[in-house]
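A.B. asks: Take this structure first; my questions come after.
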Amino acid sequence: MGAAEVISFEEVRARKQWSTLRQQRHERFDQWLDTLERAWPEPPATVSEVTATVWALRQQLTGGLTETIVAHAHEGERQRKQARCPKCARVLQVQEQVWRTVETMVGPVALQRPYFYCRSCRVGLYPLDAARGLVAGCKQLDMQHAAVKLVTEVPYDTAQSLCEELTGMHFGSERLHTVTHHVGAGLTVLDVTPSRQEIERRIAAVSAGRFRRPVLVLGIDGAYVPTRPDSARVPCEGRRGKRAQRTRWRGQWRDAKGFRCYLLAGERIIHVLSWHQVQNEEQLGEALKHVKEAGVIPEEQVRLCVVCDGAEWIWKHVQALFPQARQGLDYYHCAQYLHRVAKAHYGASVQAVEWVEATLPRLSLGKVGVVLGGLRHMQVRSDEAEKAIANCWDYLNEHRGRTVYQKLRRGGYPLGSGGIESSNKFICHVRLKRSGAWWYEVNSNHMLALRCAKYNGTLDQVFVRYQQQLRETSE
């Protein structure tokens with residue numbers, strides 16, 4: 001005789017619960033099939049007819065199944081008769097069962113929960129809402145998460161129509177604004193920065209099969225974005241509640257300063273970190289300092305290189321925070337200065353082209369002293385040429401230690417700042433520079449922070465932060 005199998009009481013109860021839940025789900029599915037049959041008086045003839053009908057009725061199925069599963073999982077909590085007041089700790093008796101319908105990505109979900117009320121504190125509470133992870137309002141976290149991802153890519157009106165077309169759930173434009181600004185409010189550079197472990201993983205992927213440490217490039221620059229003054233929020237004279245007319249205020253192009261860190265992998269670049277905000281250079285320096293002090297960038301595992309244009313404020317922060325990094329002046333900015341000299345001195349002539357083509361190779365080989373000497377010996381022909389020559393000489397002489405392009409090329413370092421320029425485009429310009437768009441500064445910074453999080457791969461952790469804030473507020 002074989003040994004008897006011992007089954008615990010907990011295992012038996014779990015099997016019974018799963019069996020009950022399975023039966024309830026089958027009943028829900030049967031109800032949906034009845035609805036589907038009523039929608040088809042005759043059997044459908046084409047795939048398009050089938051998919052159109054199933055698509056129109058899909059939320060009745062997914063929402064109904066969700067209702068069944070959630071109700072089964074919290075059946076004990078739904079039947080509770082007592083709860084403690086969060087303020088006075090008094091034991092409260094259940095008042096009634098109240099229904100609530102919330103909207104999720106799978107459709108509307110109707111939920112029943114007990115209501116408790118403390119007469120002394122005048123506080124009502126629904127403990128089951130917290131147990132189910134529900135938030136205030138109709139739109140739940142999964143819809144808010146999807147909405148934030150959508151509005152970081154397209155305008156709010158477009159996001160509203162796309163959300164309804166793709167999910168079948170309406171999400172108003174004003175509500176999209178509100179959710180986006182709540183998620184983006186208070187974000188700092190460290191909130192959108194990947195962890196050190198994630199950055200090390202990206203470095204290891206680039207380092208595989210190489211005998212030298214990979215090059216990590218830091219680029220710093222600014223991009224102009226359209227902004228409107230806060231005075232545009234003030235209602236104007238006229239109809240009640242009407243905001244200031246466009247003619248009452250003037251838009252302003254503000255500098256969204258930012259930085260980007262990326263790894264070089266052959267002819268490709270691997271994005272690591274970006275941070276862009278409408279801010280001054282001191283605030284950008286503080287953000288760089290926070291990243292430096294947090295130690296998220298393992299400088300010992302990479303060869304750090306800074307490539308920027310000649311703006312004085314940029315190199316001030318680089319010298320203060322990354323004095324050991326390899327520094328390079330953007331070669332193509334230097335070439336622009338030389339082209340201006342040729343145009344001002346020789347005009348639109350063959351001689352101007354010949355002079356540029358003869359000077360650029362010297363600059364490319366790092367012979368900036370020879371280039372400076374040639375500029376000194378040019379015979380000035382006009383005030384415009386004199387000014388262009390003086391500007392070019394001052395620019396190259398001030399940064400001559402950063403123009404060793406032959407050494408940079410030999411070490412595998414970049415010569416241009418195209419990495420940060422492209423970051424300006426796909427983070428700032430693509431979303432903020434829309435036809436007719438003029439952003440309040442606070443709103444533009446919320447959007448820029450969320451777009452940085454998206455491309456840094458940290459948008460999910462930003463939303464986790466938002467969920468924690470909602471919990472703290474509800475408590």
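Residues in the structure tokens are named by chain (A, B, ... in the order shown) and by number from 1 within that chain; ligands are numbered from 1 in the order shown.
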Out of range 87-226 of chain A, which residues get helix (DSSP H, G or I) from DSSP, as a VMD selection string?
C.D. replies: chain A and resid 127 to 131 141 to 151 156 to 167 173 to 184 196 to 207
A.B. asks: Let me see the file: selected residues, N, CA and C atoms, as a compact mmCIF listing (two decimals), in the first residue's frame.
C.D. replies:
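again_10.txt was written with the following content:
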# COMPACT_ATOMS: atom_id res chain seq x y z
N PRO A 127 -12.20 51.86 3.55
CA PRO A 127 -10.95 51.11 3.67
C PRO A 127 -10.66 50.20 2.47
N LEU A 128 -11.71 49.74 1.81
CA LEU A 128 -11.50 48.82 0.69
C LEU A 128 -10.86 49.52 -0.51
N ASP A 129 -11.09 50.83 -0.64
CA ASP A 129 -10.44 51.56 -1.74
C ASP A 129 -8.93 51.49 -1.61
N ALA A 130 -8.42 51.66 -0.39
CA ALA A 130 -6.98 51.59 -0.17
C ALA A 130 -6.46 50.18 -0.41
N ALA A 131 -7.23 49.18 0.03
CA ALA A 131 -6.80 47.80 -0.17
C ALA A 131 -6.73 47.44 -1.65
N LEU A 141 -4.78 54.63 -12.07
CA LEU A 141 -3.35 54.83 -12.32
C LEU A 141 -2.90 54.30 -13.67
N ASP A 142 -3.46 53.18 -14.13
CA ASP A 142 -3.01 52.66 -15.41
C ASP A 142 -3.38 53.60 -16.55
N MET A 143 -4.56 54.24 -16.46
CA MET A 143 -4.93 55.22 -17.48
C MET A 143 -4.07 56.47 -17.39
N GLN A 144 -3.77 56.91 -16.19
CA GLN A 144 -2.94 58.09 -16.02
C GLN A 144 -1.53 57.84 -16.55
N HIS A 145 -1.01 56.64 -16.29
CA HIS A 145 0.32 56.28 -16.78
C HIS A 145 0.36 56.31 -18.31
N ALA A 146 -0.64 55.70 -18.93
CA ALA A 146 -0.69 55.69 -20.40
C ALA A 146 -0.86 57.11 -20.95
N ALA A 147 -1.66 57.93 -20.27
CA ALA A 147 -1.88 59.29 -20.73
C ALA A 147 -0.61 60.12 -20.68
N VAL A 148 0.17 59.97 -19.62
CA VAL A 148 1.43 60.71 -19.50
C VAL A 148 2.40 60.30 -20.60
N LYS A 149 2.47 59.01 -20.89
CA LYS A 149 3.34 58.56 -21.98
C LYS A 149 2.92 59.16 -23.31
N LEU A 150 1.61 59.32 -23.49
CA LEU A 150 1.10 59.82 -24.76
C LEU A 150 1.35 61.32 -24.92
N VAL A 151 1.09 62.09 -23.87
CA VAL A 151 1.22 63.55 -24.00
C VAL A 151 2.67 64.00 -24.03
N TYR A 156 -1.77 67.89 -26.58
CA TYR A 156 -2.83 67.40 -25.71
C TYR A 156 -4.09 67.04 -26.48
N ASP A 157 -4.48 67.87 -27.44
CA ASP A 157 -5.70 67.56 -28.21
C ASP A 157 -5.53 66.27 -29.00
N THR A 158 -4.35 66.09 -29.59
CA THR A 158 -4.08 64.85 -30.32
C THR A 158 -4.08 63.66 -29.38
N ALA A 159 -3.48 63.83 -28.20
CA ALA A 159 -3.45 62.75 -27.22
C ALA A 159 -4.86 62.37 -26.79
N GLN A 160 -5.75 63.35 -26.64
CA GLN A 160 -7.13 63.07 -26.26
C GLN A 160 -7.82 62.20 -27.29
N SER A 161 -7.70 62.56 -28.57
CA SER A 161 -8.37 61.78 -29.62
C SER A 161 -7.74 60.40 -29.76
N LEU A 162 -6.41 60.30 -29.67
CA LEU A 162 -5.75 59.00 -29.78
C LEU A 162 -6.12 58.08 -28.63
N CYS A 163 -6.20 58.65 -27.43
CA CYS A 163 -6.55 57.85 -26.27
C CYS A 163 -7.93 57.23 -26.42
N GLU A 164 -8.88 58.01 -26.93
CA GLU A 164 -10.24 57.50 -27.09
C GLU A 164 -10.31 56.47 -28.22
N GLU A 165 -9.56 56.73 -29.30
CA GLU A 165 -9.59 55.79 -30.43
C GLU A 165 -8.93 54.45 -30.08
N LEU A 166 -7.84 54.50 -29.32
CA LEU A 166 -7.07 53.29 -29.05
C LEU A 166 -7.59 52.49 -27.86
N THR A 167 -8.20 53.16 -26.89
CA THR A 167 -8.65 52.46 -25.69
C THR A 167 -10.15 52.43 -25.53
N SER A 173 -8.98 66.78 -22.46
CA SER A 173 -7.74 67.53 -22.61
C SER A 173 -7.33 68.22 -21.31
N GLU A 174 -8.31 68.81 -20.62
CA GLU A 174 -8.00 69.49 -19.35
C GLU A 174 -7.50 68.50 -18.31
N ARG A 175 -8.10 67.32 -18.28
CA ARG A 175 -7.66 66.30 -17.33
C ARG A 175 -6.26 65.82 -17.67
N LEU A 176 -5.96 65.73 -18.96
CA LEU A 176 -4.60 65.36 -19.38
C LEU A 176 -3.59 66.38 -18.88
N HIS A 177 -3.93 67.67 -19.00
CA HIS A 177 -3.06 68.71 -18.47
C HIS A 177 -2.81 68.51 -16.98
N THR A 178 -3.90 68.30 -16.24
CA THR A 178 -3.79 68.19 -14.79
C THR A 178 -2.92 67.03 -14.37
N VAL A 179 -3.16 65.85 -14.95
CA VAL A 179 -2.39 64.66 -14.58
C VAL A 179 -0.92 64.85 -14.92
N THR A 180 -0.65 65.38 -16.11
CA THR A 180 0.74 65.57 -16.54
C THR A 180 1.49 66.49 -15.59
N HIS A 181 0.86 67.58 -15.20
CA HIS A 181 1.56 68.52 -14.33
C HIS A 181 1.70 67.97 -12.91
N HIS A 182 0.76 67.16 -12.45
CA HIS A 182 0.91 66.53 -11.14
C HIS A 182 2.07 65.53 -11.14
N VAL A 183 2.20 64.77 -12.22
CA VAL A 183 3.30 63.79 -12.29
C VAL A 183 4.64 64.50 -12.42
N GLY A 184 4.68 65.58 -13.21
CA GLY A 184 5.95 66.27 -13.44
C GLY A 184 6.33 67.28 -12.37
N ARG A 196 22.93 53.87 -10.67
CA ARG A 196 24.33 53.56 -11.00
C ARG A 196 24.43 52.14 -11.59
N GLN A 197 23.63 51.22 -11.07
CA GLN A 197 23.66 49.86 -11.59
C GLN A 197 23.22 49.80 -13.05
N GLU A 198 22.20 50.58 -13.40
CA GLU A 198 21.74 50.60 -14.79
C GLU A 198 22.79 51.23 -15.71
N ILE A 199 23.43 52.31 -15.25
CA ILE A 199 24.47 52.94 -16.06
C ILE A 199 25.66 51.99 -16.22
N GLU A 200 26.01 51.29 -15.16
CA GLU A 200 27.11 50.31 -15.26
C GLU A 200 26.75 49.19 -16.23
N ARG A 201 25.49 48.81 -16.27
CA ARG A 201 25.06 47.77 -17.22
C ARG A 201 25.26 48.25 -18.66
N ARG A 202 24.90 49.50 -18.93
CA ARG A 202 25.08 50.05 -20.28
C ARG A 202 26.56 50.16 -20.63
N ILE A 203 27.37 50.53 -19.65
CA ILE A 203 28.82 50.63 -19.89
C ILE A 203 29.39 49.24 -20.19
N ALA A 204 28.96 48.24 -19.43
CA ALA A 204 29.46 46.88 -19.65
C ALA A 204 29.09 46.37 -21.03
N ALA A 205 27.88 46.72 -21.50
CA ALA A 205 27.46 46.27 -22.82
C ALA A 205 28.33 46.89 -23.91
N VAL A 206 28.73 48.15 -23.74
CA VAL A 206 29.59 48.81 -24.72
C VAL A 206 31.03 48.30 -24.60
N SER A 207 31.47 47.97 -23.38
CA SER A 207 32.86 47.57 -23.14
C SER A 207 33.17 46.15 -23.62
A.B. asks: Identify, on the basis of only C-alpha atoms, every residue whose closest approach to Gln112 in chain A does not exceed 9 Å; exclude the query and any residue fewer than 3 positions from it along the same chain; express the result as a ChimeraX atom specification.
C.D. replies: /A:71,78,97-101,128
A.B. asks: What's the 9 Å shell around Gly251 in chain A, counting only C-alpha atoms, without same-chain residues fewer than 3 positions away, as number ranges by chain?
C.D. replies: A: 226-229, 438-439
A.B. asks: Include all heavy atoms and write out the residues we just selected as a short mmCIF file (atom, residue, chain, number, x, y, z; two decimals), in the first residue's frame.
C.D. replies:
data_model
loop_
_atom_site.label_atom_id
_atom_site.label_comp_id
_atom_site.auth_asym_id
_atom_site.auth_seq_id
_atom_site.Cartn_x
_atom_site.Cartn_y
_atom_site.Cartn_z
N PRO A 226 9.64 78.37 -26.94
CA PRO A 226 8.66 79.47 -26.84
C PRO A 226 7.95 79.46 -25.49
O PRO A 226 7.39 78.44 -25.07
CB PRO A 226 7.69 79.17 -27.98
CG PRO A 226 7.77 77.69 -28.17
CD PRO A 226 9.18 77.29 -27.81
N THR A 227 7.96 80.59 -24.80
CA THR A 227 7.30 80.70 -23.50
C THR A 227 6.38 81.91 -23.48
O THR A 227 6.52 82.84 -24.28
CB THR A 227 8.32 80.83 -22.35
OG1 THR A 227 9.05 82.06 -22.51
CG2 THR A 227 9.29 79.67 -22.36
N ARG A 228 5.45 81.89 -22.57
CA ARG A 228 4.54 83.02 -22.36
C ARG A 228 4.66 83.49 -20.92
O ARG A 228 4.99 82.69 -20.03
CB ARG A 228 3.10 82.63 -22.67
CG ARG A 228 2.50 81.62 -21.73
CD ARG A 228 1.02 81.40 -22.00
NE ARG A 228 0.78 80.70 -23.24
CZ ARG A 228 -0.43 80.50 -23.76
NH1 ARG A 228 -1.50 80.98 -23.12
NH2 ARG A 228 -0.58 79.85 -24.89
N PRO A 229 4.40 84.76 -20.64
CA PRO A 229 4.54 85.26 -19.26
C PRO A 229 3.40 84.77 -18.39
O PRO A 229 2.31 84.42 -18.86
CB PRO A 229 4.50 86.78 -19.44
CG PRO A 229 3.68 86.98 -20.68
CD PRO A 229 4.01 85.82 -21.58
N TRP A 438 2.80 78.31 -26.99
CA TRP A 438 3.57 79.20 -26.10
C TRP A 438 3.36 78.68 -24.69
O TRP A 438 2.24 78.65 -24.19
CB TRP A 438 3.11 80.65 -26.24
CG TRP A 438 3.41 81.23 -27.58
CD1 TRP A 438 2.60 81.24 -28.67
CD2 TRP A 438 4.63 81.87 -27.97
NE1 TRP A 438 3.24 81.85 -29.73
CE2 TRP A 438 4.48 82.25 -29.32
CE3 TRP A 438 5.83 82.16 -27.31
CZ2 TRP A 438 5.49 82.89 -30.03
CZ3 TRP A 438 6.83 82.81 -28.01
CH2 TRP A 438 6.66 83.17 -29.36
N TRP A 439 4.43 78.26 -24.03
CA TRP A 439 4.35 77.53 -22.78
C TRP A 439 4.62 78.45 -21.59
O TRP A 439 5.54 79.28 -21.63
CB TRP A 439 5.39 76.41 -22.76
CG TRP A 439 5.20 75.36 -23.79
CD1 TRP A 439 5.44 75.47 -25.13
CD2 TRP A 439 4.72 74.03 -23.58
NE1 TRP A 439 5.15 74.29 -25.76
CE2 TRP A 439 4.70 73.39 -24.84
CE3 TRP A 439 4.32 73.33 -22.45
CZ2 TRP A 439 4.29 72.08 -25.00
CZ3 TRP A 439 3.90 72.02 -22.61
CH2 TRP A 439 3.89 71.41 -23.87
#
A.B. asks: With distances taken over only C-alpha atoms, which residue among A:Arg376, A:His271, A:Arg402, A:His290 lies nearest Leu415 in chain A?
C.D. replies: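 Checking each of A:Arg376, A:His271, A:Arg402, A:His290 against Leu415 in chain A, counting only C-alpha atoms, the winner is A:Arg402.
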A.B. asks: To one decimal place, how far is CA of Ala352 in chain A from CA of Gln406 in chain A in Å?
C.D. replies: 24.8 Å
A.B. asks: Select from range 229-302 of chain A everything DSSP, run on the backbone, classes as strand (DSSP E or B), then give the selection as a list in words.
C.D. replies: Pro235, Arg243, Gln252, Trp253, Arg254, Asp255, Ala256, Lys257, Gly258, Phe259, Arg260, Cys261, Tyr262, Leu263, Leu264, Ala265, Arg268, Ile269, Ile270, His271, Val272, Leu273, Ser274, Trp275, His276, Gln277 and Val278 of chain A
A.B. asks: Enumerate, in order of chain and increasing residue number, the residues of range 104-198 of chain A with an atom no farther than 8 Å from range 425-437 of chain A, each with its shortest atom pair and distance in Å to one decimal, counting only C-alpha atoms, as a Markdown table.
C.D. replies:
| residue | atom | partner | partner_atom | distance |
| --- | --- | --- | --- | --- |
| A:Thr152 | CA | A:Arg431 | CA | 7.2 |
| A:Glu153 | CA | A:Arg431 | CA | 6.4 |
| A:Val154 | CA | A:Arg431 | CA | 6.9 |
| A:Pro155 | CA | A:Arg431 | CA | 7.6 |
A.B. asks: Take the residues that were just selected and, keeping all heavy atoms, output them as an mmCIF file, in the first residue's frame.
C.D. replies:
data_model
loop_
_atom_site.group_PDB
_atom_site.id
_atom_site.type_symbol
_atom_site.label_atom_id
_atom_site.label_comp_id
_atom_site.auth_asym_id
_atom_site.auth_seq_id
_atom_site.Cartn_x
_atom_site.Cartn_y
_atom_site.Cartn_z
ATOM 1 N N THR A 152 3.604 63.167 -23.615
ATOM 2 C CA THR A 152 5.004 63.553 -23.751
ATOM 3 C C THR A 152 5.469 63.467 -25.203
ATOM 4 O O THR A 152 6.554 63.960 -25.517
ATOM 5 C CB THR A 152 5.916 62.659 -22.889
ATOM 6 O OG1 THR A 152 5.696 61.286 -23.222
ATOM 7 C CG2 THR A 152 5.653 62.878 -21.414
ATOM 8 N N GLU A 153 4.665 62.875 -26.065
ATOM 9 C CA GLU A 153 5.034 62.735 -27.474
ATOM 10 C C GLU A 153 4.209 63.617 -28.404
ATOM 11 O O GLU A 153 4.718 64.091 -29.414
ATOM 12 C CB GLU A 153 4.894 61.270 -27.911
ATOM 13 C CG GLU A 153 5.918 60.344 -27.298
ATOM 14 C CD GLU A 153 7.337 60.688 -27.734
ATOM 15 O OE1 GLU A 153 7.521 61.201 -28.849
ATOM 16 O OE2 GLU A 153 8.255 60.449 -26.936
ATOM 17 N N VAL A 154 2.929 63.816 -28.105
ATOM 18 C CA VAL A 154 2.041 64.544 -29.018
ATOM 19 C C VAL A 154 1.295 65.618 -28.240
ATOM 20 O O VAL A 154 1.197 65.558 -27.005
ATOM 21 C CB VAL A 154 1.034 63.573 -29.688
ATOM 22 C CG1 VAL A 154 1.758 62.549 -30.545
ATOM 23 C CG2 VAL A 154 0.172 62.864 -28.650
ATOM 24 N N PRO A 155 0.726 66.629 -28.948
ATOM 25 C CA PRO A 155 -0.051 67.672 -28.262
ATOM 26 C C PRO A 155 -1.253 67.101 -27.517
ATOM 27 O O PRO A 155 -1.733 66.001 -27.820
ATOM 28 C CB PRO A 155 -0.495 68.584 -29.418
ATOM 29 C CG PRO A 155 0.494 68.362 -30.502
ATOM 30 C CD PRO A 155 0.901 66.920 -30.383
#
A.B. asks: Nearest to Gln336 in chain A among A:Asp30, A:His377, A:Val307, A:Ala388, with distances taken over only C-alpha atoms: which residue is it?
C.D. replies: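 Distance minimum relative to Gln336 in chain A lands on A:Ala388.
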A.B. asks: Point out the residue among A:Tyr440, A:Tyr331, A:Trp393, A:Trp313 with the least atom-to-atom distance to Gly366 in chain A, counting only C-alpha atoms.
C.D. replies: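 Closest to Gly366 in chain A, using only C-alpha atoms: A:Tyr331.
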A.B. asks: Identify which of the residues A:Thr20, A:Asn445, A:Gln351, A:Thr473 lies closest to Leu187 in chain A, counting only C-alpha atoms when measuring atom-to-atom distances.
C.D. replies: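 Of A:Thr20, A:Asn445, A:Gln351, A:Thr473, the one nearest Leu187 in chain A, counting only C-alpha atoms, is A:Asn445.
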A.B. asks: Go through A:Leu372, A:Val135, A:Met378, A:Val272 one by one, measure the shortest atom-to-atom distance of each to Leu216 in chain A using only C-alpha atoms, and give the residue with the smallest value.
C.D. replies: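 Selected residue with least distance to Leu216 in chain A: A:Val272.
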